Amino acid sequence: MPKRLPMWATATLYGTLIVALSMGVRQTFGVFLLPISETLEIGRSQVSLTLAVQNLIFGLGQPFIGALADRRGVRPILMLGVLLYALGLWGVTVVTNVWGLLLSLGLVVGLAQSMTTFVVIFSALGALVPPQRRGLAFGLVTAGGSLGMFAFVPLAQILLSMMSWQGALVSLALLILLILLFALAFRRPTSSASQAAALPSASLKPVIATALRHPGYLLLNLGFFVCGFHVAFIAIHFPAYLADYAVAPFVAASALAVIGLANVVGSYLFGSLSDRFVKKRVLSGLYFARAVVFVLFLLLPVTGTSALVFGFAIGLLWLGTVPLTSGLVAQLFGVRYLGTLYGIVFLSHQVGAFLGAWLGGAVYDVTGSYLPVWYTALALSLVAAFIHVILDDRPVRGLQEQRV
């Protein structure tokens, strides 16, 4: 008789599938940037601003959603988030102006994403997964987001070739409802709230106050800000950047898909490395590697081949920051309030994403070029590489009892 998977492994599997669906659909929005802009007769900067607001709402909701997950469990949060996600996507197809787009794609979808992605799932897994397997589990869930990107970006492009962009978005809204099935797997009290409630630990407010005074935690926020800037700028503006160089739309979508496929490997790799090596050093190396990739891409001619090679290289480094950064939060403060504390760090990530998404469109509309934003991304890579070298990653004294 086959041996049953341990509870933490089963929860990791379902969490990976949930993030694959939620993040997969999220990463398709760059493909819809031009069709939405043309239909509503608005500039790229206005659609970019909407997606920037989405990123910001995604981040602003994280500390509060994380706190709810820590206290109440993840199942009701996931189910409500799925319904909001589908509603928001449908809303995009019926709006007639930029304000309707801001409400549906910006506010509703942004809030839904905060309820169906990393922070909620990490809150559920934090106390379930043994410490020696935590980096691996977080890496697998992160890889799920990239697997979704690999699957959904080409799917969105195929749907666009078969039907209107409105029909394509409705199809994605129907697919997102599958998360409801996987959310049922969390019917038992498997969240970190139920597991950690029995642990003696400090109350939330003093822990947050301690975190906000901790230099290492503040540098983690700054580093994740850089990651958010990179990811949002590339995911949203890379297809349009390639279109300006006459690269075929399907090749551009394929480049985004390659990013997702490569990051399945990268997230697993960096998750495993976080269990074996000093996390802050691995993070520093990751950001420096991004800088090298940016330099090489900007020096080479923009072609379909260079786009695909860039997609593979940056994909290896895409979300490897997630298991490393969340692992550092757990290393510093334990897992009792991991959802809350990582939610705050993720908010910083989304502030960076807001700027990356918005500045891409705003700078393009003013200058007719994305190059100033590419140079900014390069400079931020070097800053992030440096700050993780000097980051204080020693566990906070007095919170050791939370390190289950």
# chains A, B, ... in the order shown; residues from 1 in each chain; ligands from 1
>>> select_by_dssp(residues="segment 141-245 of chain A", states="helix (DSSP H, G or I)", output="VMD selection string")
chain A and resid 141 to 162 165 to 176 179 to 186 192 to 196 204 to 213 215 to 243
>>> residues_around(residues="segment 375-384 of chain A", least_positions_apart="6", cutoff="12 Å", atoms="only C-alpha atoms", output="PyMOL selection string")
chain A and resi 219-234+280-299+317+321+352-353+355-357+359-360+363+369+390-391
>>> closest_residue(among="A:Leu125, A:Ala69, A:Leu180, A:Ala252", to="Ile18 of chain A", atoms="only C-alpha atoms")
A:Leu180
>>> closest_residue(among="A:Leu308, A:Ile121, A:Val207, A:Val109", to="Ala173 of chain A", atoms="only C-alpha atoms")
A:Val109
>>> residues_around(residues="Leu316 of chain A", least_positions_apart="2", cutoff="12 Å", atoms="only C-alpha atoms", output="number ranges by chain")
A: 143, 146, 258-270, 286-287, 289-290, 293, 309-314, 318-321
>>> write_last_selection(atoms="C-alpha atoms", output="PDB file, in the first residue's frame")
ATOM      1  CA  ALA A 143       8.013  27.748  -8.478  1.00  0.00           C
ATOM      2  CA  SER A 146       6.415  30.564 -12.319  1.00  0.00           C
ATOM      3  CA  VAL A 258      10.396  31.194 -20.789  1.00  0.00           C
ATOM      4  CA  ILE A 259      10.818  33.432 -17.740  1.00  0.00           C
ATOM      5  CA  GLY A 260       8.180  31.358 -15.978  1.00  0.00           C
ATOM      6  CA  LEU A 261       9.669  28.036 -17.041  1.00  0.00           C
ATOM      7  CA  ALA A 262      13.202  29.003 -16.040  1.00  0.00           C
ATOM      8  CA  ASN A 263      11.984  30.232 -12.679  1.00  0.00           C
ATOM      9  CA  VAL A 264      10.467  26.844 -11.897  1.00  0.00           C
ATOM     10  CA  VAL A 265      14.075  25.710 -11.807  1.00  0.00           C
ATOM     11  CA  GLY A 266      15.313  28.912 -10.186  1.00  0.00           C
ATOM     12  CA  SER A 267      12.765  28.954  -7.362  1.00  0.00           C
ATOM     13  CA  TYR A 268      13.429  25.306  -6.525  1.00  0.00           C
ATOM     14  CA  LEU A 269      17.178  25.915  -6.694  1.00  0.00           C
ATOM     15  CA  PHE A 270      17.191  29.008  -4.494  1.00  0.00           C
ATOM     16  CA  LEU A 286      21.140  36.741  -6.956  1.00  0.00           C
ATOM     17  CA  TYR A 287      20.751  40.519  -7.248  1.00  0.00           C
ATOM     18  CA  ALA A 289      23.502  38.249 -11.226  1.00  0.00           C
ATOM     19  CA  ARG A 290      20.429  40.258 -12.269  1.00  0.00           C
ATOM     20  CA  VAL A 293      21.933  39.945 -17.101  1.00  0.00           C
ATOM     21  CA  VAL A 309      17.826  34.167 -23.962  1.00  0.00           C
ATOM     22  CA  PHE A 310      17.132  37.108 -21.657  1.00  0.00           C
ATOM     23  CA  GLY A 311      13.874  35.471 -20.586  1.00  0.00           C
ATOM     24  CA  PHE A 312      15.687  32.300 -19.616  1.00  0.00           C
ATOM     25  CA  ALA A 313      18.490  34.106 -17.761  1.00  0.00           C
ATOM     26  CA  ILE A 314      16.276  36.511 -15.817  1.00  0.00           C
ATOM     27  CA  TRP A 318      12.927  35.866 -11.154  1.00  0.00           C
ATOM     28  CA  LEU A 319      11.321  34.882  -7.851  1.00  0.00           C
ATOM     29  CA  GLY A 320      14.196  33.091  -6.178  1.00  0.00           C
ATOM     30  CA  THR A 321      14.082  36.076  -3.825  1.00  0.00           C
TER      31      THR A 321
END
>>> residues_around(residues="Arg75 of chain A", least_positions_apart="3", cutoff="8 Å", atoms="only C-alpha atoms", output="ChimeraX atom specification")
/A:78-79,183-184,186-187
>>> write_last_selection(atoms="C-alpha atoms", output="PDB file, in the first residue's frame")
ATOM      1  CA  LEU A  78      -8.755  31.931  -0.277  1.00  0.00           C
ATOM      2  CA  MET A  79     -12.379  31.351  -1.216  1.00  0.00           C
ATOM      3  CA  ALA A 183      -8.837  25.727  -1.144  1.00  0.00           C
ATOM      4  CA  LEU A 184     -10.966  22.880   0.188  1.00  0.00           C
ATOM      5  CA  PHE A 186      -7.200  23.521   3.814  1.00  0.00           C
ATOM      6  CA  ARG A 187     -10.452  22.521   5.503  1.00  0.00           C
TER       7      ARG A 187
END
